[in-house]
$ cat run.cif   # mmCIF, C-alpha atoms
data_run
loop_
_atom_site.label_atom_id
_atom_site.label_comp_id
_atom_site.auth_asym_id
_atom_site.auth_seq_id
_atom_site.Cartn_x
_atom_site.Cartn_y
_atom_site.Cartn_z
CA MET A 521 18.23 175.02 138.18
CA LYS A 522 18.22 171.32 137.53
CA ASN A 523 18.50 172.04 133.84
CA VAL A 524 21.48 174.26 134.36
CA PHE A 525 23.10 171.46 136.30
CA ALA A 526 22.34 168.96 133.58
CA VAL A 527 23.84 171.22 130.94
CA LEU A 528 26.89 171.78 133.11
CA ILE A 529 27.38 168.06 133.60
CA LEU A 530 26.92 167.41 129.90
CA THR A 531 29.43 170.11 129.06
CA VAL A 532 31.97 168.75 131.49
CA THR A 533 31.57 165.15 130.34
CA GLY A 534 31.73 166.42 126.77
CA LEU A 535 35.05 168.05 127.47
CA PHE A 536 36.49 164.86 128.85
CA ALA A 537 34.91 162.53 126.33
CA PHE A 538 36.78 164.18 123.46
CA LYS A 539 40.33 163.36 124.23
CA GLY A 540 41.56 164.28 120.82
CA GLY A 541 38.63 164.93 118.57
CA ALA A 542 37.68 168.30 120.05
CA PRO A 543 35.92 170.48 117.51
CA GLY A 544 38.58 173.22 117.68
CA TYR A 545 38.51 176.40 115.68
CA LYS A 546 36.27 177.40 112.84
CA VAL A 547 37.13 180.13 110.38
CA GLY A 548 36.45 183.44 112.09
CA ASP A 549 37.43 182.30 115.59
CA ILE A 550 40.18 183.97 117.58
CA ALA A 551 43.15 181.63 117.99
CA ILE A 552 45.03 181.43 121.28
CA ASP A 553 48.68 182.31 121.51
CA PHE A 554 51.03 179.74 123.01
CA LYS A 555 54.45 179.19 124.54
CA LEU A 556 56.06 176.14 123.02
CA LYS A 557 59.58 174.79 123.11
CA ASN A 558 61.34 175.36 119.80
CA VAL A 559 64.15 173.26 118.34
CA ASP A 560 66.59 176.16 118.96
CA GLY A 561 65.97 175.84 122.70
CA LYS A 562 63.95 179.06 122.89
CA THR A 563 60.23 179.51 123.39
CA VAL A 564 57.94 180.30 120.46
CA SER A 565 54.95 182.58 120.85
CA LEU A 566 52.94 184.34 118.19
CA SER A 567 53.41 187.57 120.15
CA ASN A 568 57.18 187.34 119.56
CA TYR A 569 56.54 188.40 116.00
CA LYS A 570 55.98 192.11 116.46
CA LEU A 571 55.98 192.94 112.77
CA ALA A 572 53.90 190.01 111.56
CA LYS A 573 50.59 190.65 109.83
CA GLY A 574 49.60 187.08 110.56
CA TYR A 575 50.88 183.53 110.73
CA ILE A 576 50.91 180.29 108.82
CA VAL A 577 50.59 177.79 111.68
CA VAL A 578 51.35 174.27 110.42
CA PHE A 579 50.76 171.15 112.48
CA THR A 580 53.30 168.75 111.02
CA CYS A 581 55.74 166.10 112.16
CA ASN A 582 58.78 164.03 111.27
CA HIS A 583 57.27 160.60 110.78
CA CYS A 584 54.15 161.08 108.66
CA PRO A 585 54.66 160.36 104.95
CA TYR A 586 52.09 163.01 104.06
CA ALA A 587 53.91 165.58 106.20
CA LYS A 588 57.15 164.49 104.53
CA ALA A 589 55.57 164.89 101.12
CA TYR A 590 54.72 168.48 102.05
CA GLU A 591 57.97 169.38 103.80
CA THR A 592 59.57 171.30 100.95
CA ARG A 593 56.27 173.04 100.23
CA ILE A 594 56.08 174.14 103.90
CA MET A 595 59.65 175.44 103.64
CA GLY A 596 58.61 177.20 100.44
CA LEU A 597 55.71 178.93 102.18
CA ASP A 598 58.05 180.45 104.77
CA LYS A 599 60.47 181.65 102.08
CA MET A 600 57.57 183.15 100.14
CA TYR A 601 55.66 184.80 102.97
CA ALA A 602 57.84 185.40 106.07
CA THR A 603 59.24 188.61 104.60
CA LYS A 604 55.74 189.69 103.63
CA GLY A 605 54.54 189.37 107.22
CA TYR A 606 53.20 185.80 107.30
CA PRO A 607 55.86 183.53 108.82
CA VAL A 608 55.45 179.76 109.10
CA ILE A 609 55.21 178.42 112.66
CA ALA A 610 55.50 174.63 112.58
CA ILE A 611 54.20 172.64 115.54
CA SER A 612 54.71 168.92 116.10
CA PRO A 613 51.65 167.60 117.93
CA ASN A 614 52.42 163.91 118.40
CA ASP A 615 53.20 162.06 121.60
CA PRO A 616 56.86 161.07 121.10
CA VAL A 617 56.38 158.06 123.37
CA SER A 618 54.09 156.43 120.80
CA ILE A 619 56.13 157.77 117.88
CA PRO A 620 59.84 158.02 118.75
CA GLU A 621 60.58 159.48 115.32
CA ASP A 622 58.71 162.59 116.50
CA SER A 623 60.87 163.09 119.61
CA PHE A 624 62.26 166.55 120.33
CA ASP A 625 65.79 165.37 119.49
CA ASN A 626 64.66 164.00 116.16
CA MET A 627 62.80 167.23 115.47
CA LYS A 628 66.01 169.19 116.15
CA LYS A 629 67.89 166.92 113.78
CA ARG A 630 65.31 167.29 111.03
CA ALA A 631 65.17 171.08 111.36
CA THR A 632 68.96 171.30 111.22
CA ASP A 633 69.39 168.80 108.37
CA MET A 634 66.75 170.50 106.25
CA LYS A 635 67.79 174.03 107.33
CA TYR A 636 64.30 175.11 108.38
CA THR A 637 63.99 178.90 108.29
CA PHE A 638 61.03 178.80 110.69
CA PRO A 639 60.42 177.55 114.23
CA TYR A 640 59.59 173.88 114.72
CA ALA A 641 58.06 173.61 118.17
CA ILE A 642 56.81 170.66 120.16
CA ASP A 643 53.36 170.73 121.76
CA GLU A 644 54.29 168.53 124.70
CA ALA A 645 51.01 168.95 126.59
CA GLN A 646 49.06 168.78 123.30
CA ASN A 647 46.87 171.62 124.54
CA VAL A 648 47.56 173.89 121.58
CA THR A 649 46.71 171.09 119.16
CA ARG A 650 43.52 170.42 121.09
CA ALA A 651 42.54 174.09 121.19
CA TYR A 652 43.11 174.52 117.47
CA GLY A 653 41.37 171.24 116.76
CA ALA A 654 44.00 169.69 114.51
CA ARG A 655 43.31 165.99 114.03
CA ALA A 656 45.94 165.04 111.50
CA THR A 657 49.26 166.14 110.08
CA PRO A 658 49.85 168.14 108.02
CA ASN A 659 47.17 170.71 108.79
CA VAL A 660 47.41 174.47 108.32
CA TYR A 661 45.79 177.40 110.15
CA VAL A 662 46.29 180.79 108.51
CA LEU A 663 45.83 183.52 111.12
CA GLN A 664 45.47 187.25 110.60
CA LYS A 665 46.62 189.60 113.33
CA THR A 666 43.86 192.08 114.17
CA ASP A 667 42.95 194.39 117.06
CA LYS A 668 40.67 191.64 118.38
CA GLY A 669 43.38 189.00 118.28
CA ASN A 670 44.64 186.44 115.79
CA VAL A 671 41.66 185.58 113.63
CA VAL A 672 41.52 182.17 111.91
CA LYS A 673 41.15 182.86 108.19
CA TYR A 674 41.87 179.47 106.64
CA ILE A 675 41.95 175.88 107.92
CA GLY A 676 43.05 172.85 106.00
CA ALA A 677 45.41 171.52 103.39
CA ILE A 678 48.38 173.25 101.78
CA ASP A 679 47.11 172.36 98.32
CA ASN A 680 45.00 169.70 96.62
CA ASP A 681 47.91 167.62 95.39
CA THR A 682 49.62 165.76 98.25
CA GLU A 683 51.43 163.44 95.87
CA GLY A 684 52.84 166.41 93.96
CA THR A 685 51.95 165.13 90.50
CA ASN A 686 49.49 167.75 89.32
CA PRO A 687 51.11 170.86 87.82
CA ASN A 688 47.70 172.57 87.86
CA ARG A 689 47.14 172.09 91.56
CA THR A 690 45.24 174.61 93.64
CA ASN A 691 47.53 176.15 96.26
CA TYR A 692 45.02 176.86 99.02
CA VAL A 693 47.40 178.38 101.57
CA GLN A 694 49.13 180.58 99.02
CA ALA A 695 45.76 181.75 97.73
CA ALA A 696 44.57 182.52 101.27
CA VAL A 697 47.69 184.49 102.22
CA ASN A 698 47.75 186.31 98.87
CA ALA A 699 44.14 187.32 99.43
CA LEU A 700 44.92 188.58 102.95
CA LEU A 701 47.94 190.53 101.68
CA SER A 702 45.87 192.23 98.99
CA GLY A 703 42.86 192.80 101.24
CA LYS A 704 40.60 190.51 99.23
CA ALA A 705 38.23 187.81 100.38
CA ILE A 706 39.63 184.28 100.59
CA LEU A 707 37.93 182.08 98.01
CA THR A 708 38.34 178.74 99.81
CA THR A 709 38.47 179.11 103.58
CA SER A 710 38.58 175.47 104.61
CA THR A 711 39.64 172.21 103.01
CA LYS A 712 40.29 168.62 104.00
CA ALA A 713 43.10 166.24 103.22
CA ILE A 714 44.21 162.76 104.07
CA GLY A 715 46.75 162.82 106.86
CA CYS A 716 48.26 160.92 109.78
CA SER A 717 46.00 161.02 112.79
CA ILE A 718 47.60 162.75 115.75
CA ARG A 719 48.88 160.40 118.45
CA TRP A 720 47.50 161.49 121.80
CA LYS A 721 49.09 160.80 125.15
CA MET B 1283 63.64 113.87 93.48
CA LYS B 1284 59.97 113.42 94.21
CA SER B 1285 60.13 115.75 97.19
CA MET B 1286 62.01 118.32 95.11
CA PHE B 1287 59.16 118.19 92.67
CA ALA B 1288 56.64 118.62 95.44
CA ILE B 1289 58.48 121.66 96.78
CA LEU B 1290 58.68 123.13 93.31
CA LEU B 1291 54.98 122.52 92.78
CA LEU B 1292 54.17 124.05 96.13
CA THR B 1293 56.29 127.08 95.35
CA VAL B 1294 54.59 127.56 92.00
CA CYS B 1295 51.15 127.14 93.54
CA TYR B 1296 52.00 129.55 96.33
CA SER B 1297 53.28 132.23 94.02
CA LEU B 1298 50.29 131.75 91.74
CA HIS B 1299 48.03 132.13 94.72
CA ALA B 1300 49.89 135.22 95.86
CA GLN B 1301 49.61 136.77 92.42
CA THR B 1302 45.87 136.24 92.30
CA LYS B 1303 45.47 138.59 95.25
CA THR B 1304 45.08 141.85 93.37
CA VAL B 1305 44.21 145.31 94.51
CA ASN B 1306 41.83 147.18 92.27
CA LEU B 1307 41.38 150.91 92.03
CA ILE B 1308 38.01 152.16 93.23
CA THR B 1309 36.37 155.55 92.76
CA MET B 1310 33.82 156.89 95.22
CA ALA B 1311 31.04 156.18 92.71
CA GLN B 1312 32.23 152.59 92.36
CA LEU B 1313 32.52 152.22 96.12
CA ASN B 1314 28.97 153.48 96.62
CA LYS B 1315 27.81 150.92 94.10
CA ARG B 1316 29.83 148.20 95.77
CA ILE B 1317 28.12 148.85 99.14
CA GLU B 1318 24.54 149.34 98.01
CA ASN B 1319 23.26 145.80 98.58
CA GLN B 1320 20.30 146.04 101.00
CA ASP B 1321 20.86 142.63 102.57
CA THR B 1322 24.48 143.08 103.51
CA VAL B 1323 26.17 144.94 106.33
CA TYR B 1324 29.29 146.65 105.01
CA VAL B 1325 32.30 147.54 107.12
CA VAL B 1326 34.66 149.73 105.11
CA ASN B 1327 38.02 150.61 106.59
CA PHE B 1328 40.16 153.43 105.20
CA TRP B 1329 43.84 152.89 105.81
CA ALA B 1330 47.30 153.27 104.35
CA THR B 1331 50.42 151.12 104.31
CA TRP B 1332 52.40 153.94 105.95
CA CYS B 1333 49.88 154.54 108.75
CA GLY B 1334 51.02 152.81 111.97
CA PRO B 1335 47.70 152.67 113.80
CA CYS B 1336 46.00 151.47 110.60
CA VAL B 1337 48.43 148.60 110.15
CA LYS B 1338 47.95 147.67 113.80
CA GLU B 1339 44.17 147.40 113.53
CA LEU B 1340 44.04 145.70 110.10
CA PRO B 1341 44.05 142.12 111.46
CA ASN B 1342 40.85 142.97 113.35
CA PHE B 1343 39.05 143.43 110.07
CA ASP B 1344 40.22 140.10 108.71
CA LYS B 1345 39.21 138.52 111.99
CA LEU B 1346 35.73 140.06 111.90
CA GLN B 1347 35.10 138.80 108.38
CA ALA B 1348 36.35 135.33 109.26
CA ALA B 1349 34.26 135.19 112.45
CA TYR B 1350 31.01 135.96 110.63
CA ASN B 1351 31.56 134.36 107.26
CA ASP B 1352 28.14 132.73 107.60
CA GLN B 1353 26.44 136.10 108.00
CA PRO B 1354 25.69 138.80 105.42
CA LEU B 1355 28.73 140.85 106.38
CA LYS B 1356 31.22 142.24 103.92
CA VAL B 1357 34.45 143.84 105.08
CA LEU B 1358 36.25 146.02 102.55
CA LEU B 1359 39.58 147.76 102.92
CA VAL B 1360 40.19 150.94 100.97
CA SER B 1361 43.80 152.06 100.92
CA MET B 1362 44.41 155.79 100.73
CA ASP B 1363 48.00 155.30 99.60
CA PHE B 1364 49.18 157.26 96.58
CA LYS B 1365 48.12 155.64 93.30
CA SER B 1366 51.77 155.50 92.27
CA LYS B 1367 52.39 153.15 95.24
CA LEU B 1368 49.98 150.45 94.06
CA LYS B 1369 52.62 148.06 92.71
CA SER B 1370 55.54 149.12 94.90
CA ALA B 1371 53.79 149.26 98.29
CA VAL B 1372 50.12 148.30 98.44
CA ILE B 1373 50.13 144.95 96.61
CA PRO B 1374 53.35 143.73 98.31
CA PHE B 1375 51.84 144.74 101.68
CA VAL B 1376 48.63 142.83 101.03
CA ILE B 1377 50.59 139.73 100.01
CA LYS B 1378 53.06 139.96 102.88
CA HIS B 1379 50.32 140.28 105.48
CA LYS B 1380 48.24 137.56 103.79
CA MET B 1381 45.19 139.79 103.88
CA ALA B 1382 42.10 137.80 103.09
CA VAL B 1383 39.43 140.50 102.71
CA ASP B 1384 38.98 142.55 99.54
CA VAL B 1385 41.43 145.39 99.29
CA PHE B 1386 41.03 148.41 97.04
CA LEU B 1387 43.07 151.52 96.39
CA ALA B 1388 41.16 154.80 96.41
CA ASP B 1389 41.03 156.35 92.95
CA LYS B 1390 40.53 159.98 93.84
CA THR B 1391 40.99 162.85 91.44
CA ASN B 1392 39.70 165.20 94.13
CA GLU B 1393 40.67 164.26 97.68
CA GLN B 1394 38.28 166.84 99.21
CA GLU B 1395 35.31 165.33 97.46
CA PHE B 1396 36.33 161.80 98.29
CA ILE B 1397 36.66 162.60 102.02
CA ASP B 1398 33.37 164.50 102.12
CA GLN B 1399 31.52 161.76 100.26
CA VAL B 1400 32.72 159.12 102.68
CA ASP B 1401 31.54 161.25 105.58
CA LYS B 1402 31.04 164.99 106.10
CA SER B 1403 32.57 164.77 109.57
CA TRP B 1404 35.78 163.13 108.38
CA SER B 1405 38.85 165.36 108.79
CA GLY B 1406 40.89 163.07 106.57
CA ALA B 1407 42.82 161.49 109.45
CA LEU B 1408 43.55 157.77 109.14
CA PRO B 1409 42.41 155.21 110.13
CA ALA B 1410 38.68 155.62 109.66
CA THR B 1411 35.84 153.14 109.36
CA LEU B 1412 32.42 153.35 107.77
CA VAL B 1413 29.59 150.98 108.64
CA ILE B 1414 26.58 150.68 106.33
CA ASN B 1415 23.38 148.78 106.84
CA ALA B 1416 21.10 150.01 104.06
CA LYS B 1417 18.09 148.00 105.19
CA LYS B 1418 18.15 149.66 108.61
CA HIS B 1419 19.23 153.04 107.19
CA ILE B 1420 22.40 152.92 109.24
CA ARG B 1421 25.48 154.80 108.15
CA LYS B 1422 28.02 155.29 110.90
CA PHE B 1423 31.50 156.68 110.78
CA TYR B 1424 34.41 156.27 113.17
CA GLU B 1425 37.53 158.39 112.89
CA HIS B 1426 39.79 156.43 115.18
CA GLU B 1427 41.43 153.04 115.70
CA LEU B 1428 39.22 150.14 116.70
CA THR B 1429 40.12 147.17 118.83
CA TYR B 1430 38.57 143.84 117.85
CA ALA B 1431 36.15 144.12 120.78
CA GLU B 1432 35.06 147.59 119.65
CA LEU B 1433 34.73 146.49 116.04
CA ASN B 1434 32.72 143.43 117.01
CA GLN B 1435 30.52 145.58 119.22
CA ILE B 1436 29.92 148.00 116.33
CA TYR B 1437 28.96 145.13 114.05
CA GLN B 1438 26.63 143.58 116.65
CA THR B 1439 24.87 146.90 117.24
CA ASN B 1440 24.40 147.73 113.61
CA LYS B 1441 23.75 144.38 111.94
#
$ encode --input "run.cif" --output "structure tokens"
Amino acid sequence: MKNVFAVLILTVTGLFAFKGGAPGYKVGDIAIDFKLKNVDGKTVSLSNYKLAKGYIVVFTCNHCPYAKAYETRIMGLDKMYATKGYPVIAISPNDPVSIPEDSFDNMKKRATDMKYTFPYAIDEAQNVTRAYGARATPNVYVLQKTDKGNVVKYIGAIDNDTEGTNPNRTNYVQAAVNALLSGKAILTTSTKAIGCSIRWK
Amino acid sequence: MKSMFAILLLTVCYSLHAQTKTVNLITMAQLNKRIENQDTVYVVNFWATWCGPCVKELPNFDKLQAAYNDQPLKVLLVSMDFKSKLKSAVIPFVIKHKMAVDVFLADKTNEQEFIDQVDKSWSGALPATLVINAKKHIRKFYEHELTYAELNQIYQTNK
């Protein structure tokens, strides 16, 4: 009994100790759905997308130069895959108090200026970001809709060329979604990339 | 006239000094070699000129090096800025902020490998700090900002 208590206490302290650096999802886990405020004033949920085969969930933001470097590539992913059943769902995870550039108003402005074809939602409570385990922007989770739920199939970078200087870059997200669309195994299921650490409240 | 001369001389000296502060490229292999000395504690901070929390904590690293200059401590800063930003952003930043410790720019052909070789647990988020004490077989990694008190504490515990 004592042991059970000890484990319980450890678990609880563990939960609180990791303010931001929670382990989050691994490939194969079932990802939670969410209700987040989108720049169009509506609420975004994965379940809104009745016809989707899956999702390209991107944690990104206005201020981060690495997110900026990837912006057109994120827009490209939605153009390439939304009609094929894998829409982009962009989520801004940062606390706008520490980074005013990532405020909801600035997000609206960015989405309008750049004519985003996908939702750009704010994770005000940062619970979605914590559950997924994103630690930096940009960071992608490719999900596949199954009977069991939305299964995480890929976690990581969009490609291996943040700076956009290598014509022979490996497009990880494209490769993952292409594999899912053709029923093949994904070659690289998780990658890392330099990014801006998420600002927690 | 004499004072004009002095000012001129000072200006020349200052700009010469500023120009001597260079930022060299460093590969992971070169970095590993740079931090292999058994008698030295190495504190390596990974940062970028565009990263707010990194810029905020940078003075702490200069301060740590200055505080323990008489001890075998070596603080190194490795910028993860794009290589194309070396002359336009990194060097001007280092000069502007009068950074005293050695600054390098990561030379990474493969970002994945670079991140993994620094530490398996690193997600790639900046800032991050690596502490090495080869003699004591210590290799610790911190993926968050550090205050001076925290940094000093880390050094005291691992030196």
$ atom_distance --input "run.cif" --atom1 "atom CA of A:Val660" --atom2 "atom CA of A:Val577"
5.7 Å
$ atom_distance --input "run.cif" --atom1 "atom CA of A:Ala610" --atom2 "atom CA of A:Ile576"
8.2 Å
$ residues_around --input "run.cif" --residues "A:Met595" --least-positions-apart "6" --cutoff "12 Å" --atoms "all atoms listed in the file" --output "list in words"
Ile576, Val578, Thr580, Ala587, Lys588, Ala589, Tyr601, Ala602, Pro607, Val608, Ile609, Ala610, Ala631, Met634, Lys635, Tyr636, Thr637, Phe638, Pro639, Tyr640 and Ile678 of chain A
$ closest_residue --input "run.cif" --among "B:Val1400, B:Ile1436, B:Leu1412, B:Ile1420" --to "B:Asn1327" --atoms "all atoms listed in the file"
B:Leu1412
$ residues_around --input "run.cif" --residues "stretch 684-697 of chain A" --least-positions-apart "2" --cutoff "10 Å" --atoms "all atoms listed in the file" --output "ChimeraX atom specification"
/A:574-576,589-590,593-594,597,600-601,604-606,660-664,673-682,699-711 /B:1366
$ interface_residues --input "run.cif" --of "chain B" --to "chain A" --cutoff "6 Å" --atoms "all atoms listed in the file" --output "number ranges by chain"
B: 1394, 1405-1408
$ resolve_selection --input "run.cif" --expression "the PyMOL selection byres ((chain B and resi 1355-1362) around 7)" --output "ChimeraX atom specification"
/B:1322-1330,1343,1347,1350,1353-1354,1363-1364,1383-1388
$ write_last_selection --input "run.cif" --atoms "C-alpha atoms" --output "PDB file, keeping the file's coordinate frame"
ATOM      1  CA  THR B1322      24.480 143.080 103.510  1.00  0.00           C
ATOM      2  CA  VAL B1323      26.170 144.940 106.330  1.00  0.00           C
ATOM      3  CA  TYR B1324      29.290 146.650 105.010  1.00  0.00           C
ATOM      4  CA  VAL B1325      32.300 147.540 107.120  1.00  0.00           C
ATOM      5  CA  VAL B1326      34.660 149.730 105.110  1.00  0.00           C
ATOM      6  CA  ASN B1327      38.020 150.610 106.590  1.00  0.00           C
ATOM      7  CA  PHE B1328      40.160 153.430 105.200  1.00  0.00           C
ATOM      8  CA  TRP B1329      43.840 152.890 105.810  1.00  0.00           C
ATOM      9  CA  ALA B1330      47.300 153.270 104.350  1.00  0.00           C
ATOM     10  CA  PHE B1343      39.050 143.430 110.070  1.00  0.00           C
ATOM     11  CA  GLN B1347      35.100 138.800 108.380  1.00  0.00           C
ATOM     12  CA  TYR B1350      31.010 135.960 110.630  1.00  0.00           C
ATOM     13  CA  GLN B1353      26.440 136.100 108.000  1.00  0.00           C
ATOM     14  CA  PRO B1354      25.690 138.800 105.420  1.00  0.00           C
ATOM     15  CA  ASP B1363      48.000 155.300  99.600  1.00  0.00           C
ATOM     16  CA  PHE B1364      49.180 157.260  96.580  1.00  0.00           C
ATOM     17  CA  VAL B1383      39.430 140.500 102.710  1.00  0.00           C
ATOM     18  CA  ASP B1384      38.980 142.550  99.540  1.00  0.00           C
ATOM     19  CA  VAL B1385      41.430 145.390  99.290  1.00  0.00           C
ATOM     20  CA  PHE B1386      41.030 148.410  97.040  1.00  0.00           C
ATOM     21  CA  LEU B1387      43.070 151.520  96.390  1.00  0.00           C
ATOM     22  CA  ALA B1388      41.160 154.800  96.410  1.00  0.00           C
TER      23      ALA B1388
END
$ atom_distance --input "run.cif" --atom1 "atom CA of B:Val1372" --atom2 "atom CA of B:Val1305"
7.7 Å
$ resolve_selection --input "run.cif" --expression "the PyMOL selection byres ((chain B and resi 1429) around 10)" --output "short mmCIF file (atom, residue, chain, number, x, y, z; two decimals) with C-alpha atoms, keeping the file's coordinate frame"
data_model
loop_
_atom_site.label_atom_id
_atom_site.label_comp_id
_atom_site.auth_asym_id
_atom_site.auth_seq_id
_atom_site.Cartn_x
_atom_site.Cartn_y
_atom_site.Cartn_z
CA LYS B 1338 47.95 147.67 113.80
CA GLU B 1339 44.17 147.40 113.53
CA LEU B 1340 44.04 145.70 110.10
CA PRO B 1341 44.05 142.12 111.46
CA ASN B 1342 40.85 142.97 113.35
CA PHE B 1343 39.05 143.43 110.07
CA HIS B 1426 39.79 156.43 115.18
CA GLU B 1427 41.43 153.04 115.70
CA LEU B 1428 39.22 150.14 116.70
CA TYR B 1430 38.57 143.84 117.85
CA ALA B 1431 36.15 144.12 120.78
CA GLU B 1432 35.06 147.59 119.65
CA LEU B 1433 34.73 146.49 116.04
CA ASN B 1434 32.72 143.43 117.01
CA GLN B 1435 30.52 145.58 119.22
#
$ residues_around --input "run.cif" --residues "A:Asp615" --least-positions-apart "2" --cutoff "7 Å" --atoms "all atoms listed in the file" --output "number ranges by chain"
A: 613, 617-619, 719-721
$ resolve_selection --input "run.cif" --expression "the PyMOL selection byres ((chain B and resi 1312) around 12)" --output "list in words"
Asn1306, Leu1307, Ile1308, Thr1309, Met1310, Ala1311, Leu1313, Asn1314, Lys1315, Arg1316, Ile1317, Glu1318, Val1360, Phe1386, Leu1387, Ala1388, Asp1389, Lys1390 and Phe1396 of chain B
$ residues_around --input "run.cif" --residues "A:Gly561" --least-positions-apart "4" --cutoff "10 Å" --atoms "all atoms listed in the file" --output "MDAnalysis selection string"
chainID A and resid 556:557 628 641
$ residues_around --input "run.cif" --residues "B:Pro1374" --least-positions-apart "5" --cutoff "12 Å" --atoms "all atoms listed in the file" --output "PDB file with C-alpha atoms, keeping the file's coordinate frame"
ATOM      1  CA  ALA B1300      49.890 135.220  95.860  1.00  0.00           C
ATOM      2  CA  GLN B1301      49.610 136.770  92.420  1.00  0.00           C
ATOM      3  CA  LYS B1303      45.470 138.590  95.250  1.00  0.00           C
ATOM      4  CA  THR B1304      45.080 141.850  93.370  1.00  0.00           C
ATOM      5  CA  VAL B1305      44.210 145.310  94.510  1.00  0.00           C
ATOM      6  CA  THR B1331      50.420 151.120 104.310  1.00  0.00           C
ATOM      7  CA  LYS B1367      52.390 153.150  95.240  1.00  0.00           C
ATOM      8  CA  LEU B1368      49.980 150.450  94.060  1.00  0.00           C
ATOM      9  CA  LYS B1369      52.620 148.060  92.710  1.00  0.00           C
ATOM     10  CA  HIS B1379      50.320 140.280 105.480  1.00  0.00           C
ATOM     11  CA  LYS B1380      48.240 137.560 103.790  1.00  0.00           C
ATOM     12  CA  MET B1381      45.190 139.790 103.880  1.00  0.00           C
TER      13      MET B1381
END
$ decode --input "run.cif" --residues "stretch 645-657 of chain A" --atoms "N, CA and C atoms" --output "PDB file, in the first residue's frame"
ATOM      1  N   ALA A 645      -4.935  27.836 -23.329  1.00  0.00           N
ATOM      2  CA  ALA A 645      -4.624  27.159 -22.071  1.00  0.00           C
ATOM      3  C   ALA A 645      -3.344  26.328 -22.193  1.00  0.00           C
ATOM      4  N   GLN A 646      -2.852  26.192 -23.404  1.00  0.00           N
ATOM      5  CA  GLN A 646      -1.625  25.427 -23.713  1.00  0.00           C
ATOM      6  C   GLN A 646      -1.756  23.940 -23.374  1.00  0.00           C
ATOM      7  N   ASN A 647      -2.979  23.480 -23.180  1.00  0.00           N
ATOM      8  CA  ASN A 647      -3.171  22.071 -22.818  1.00  0.00           C
ATOM      9  C   ASN A 647      -2.991  21.131 -23.998  1.00  0.00           C
ATOM     10  N   VAL A 648      -3.367  21.598 -25.185  1.00  0.00           N
ATOM     11  CA  VAL A 648      -3.203  20.764 -26.378  1.00  0.00           C
ATOM     12  C   VAL A 648      -1.713  20.590 -26.657  1.00  0.00           C
ATOM     13  N   THR A 649      -0.988  21.698 -26.573  1.00  0.00           N
ATOM     14  CA  THR A 649       0.456  21.675 -26.805  1.00  0.00           C
ATOM     15  C   THR A 649       1.137  20.721 -25.824  1.00  0.00           C
ATOM     16  N   ARG A 650       0.691  20.807 -24.560  1.00  0.00           N
ATOM     17  CA  ARG A 650       1.252  19.948 -23.527  1.00  0.00           C
ATOM     18  C   ARG A 650       0.931  18.482 -23.795  1.00  0.00           C
ATOM     19  N   ALA A 651      -0.323  18.213 -24.162  1.00  0.00           N
ATOM     20  CA  ALA A 651      -0.729  16.829 -24.430  1.00  0.00           C
ATOM     21  C   ALA A 651       0.052  16.247 -25.602  1.00  0.00           C
ATOM     22  N   TYR A 652       0.215  17.044 -26.650  1.00  0.00           N
ATOM     23  CA  TYR A 652       0.946  16.548 -27.818  1.00  0.00           C
ATOM     24  C   TYR A 652       2.438  16.447 -27.512  1.00  0.00           C
ATOM     25  N   GLY A 653       2.911  17.338 -26.656  1.00  0.00           N
ATOM     26  CA  GLY A 653       4.320  17.298 -26.281  1.00  0.00           C
ATOM     27  C   GLY A 653       5.218  18.148 -27.167  1.00  0.00           C
ATOM     28  N   ALA A 654       4.610  19.126 -27.854  1.00  0.00           N
ATOM     29  CA  ALA A 654       5.430  20.024 -28.683  1.00  0.00           C
ATOM     30  C   ALA A 654       6.290  20.884 -27.768  1.00  0.00           C
ATOM     31  N   ARG A 655       7.545  21.045 -28.110  1.00  0.00           N
ATOM     32  CA  ARG A 655       8.439  21.864 -27.288  1.00  0.00           C
ATOM     33  C   ARG A 655       8.963  23.074 -28.035  1.00  0.00           C
ATOM     34  N   ALA A 656       8.812  23.037 -29.350  1.00  0.00           N
ATOM     35  CA  ALA A 656       9.323  24.154 -30.148  1.00  0.00           C
ATOM     36  C   ALA A 656       8.438  24.345 -31.372  1.00  0.00           C
ATOM     37  N   THR A 657       8.555  25.526 -31.973  1.00  0.00           N
ATOM     38  CA  THR A 657       7.890  25.759 -33.251  1.00  0.00           C
ATOM     39  C   THR A 657       8.956  25.893 -34.323  1.00  0.00           C
TER      40      THR A 657
END
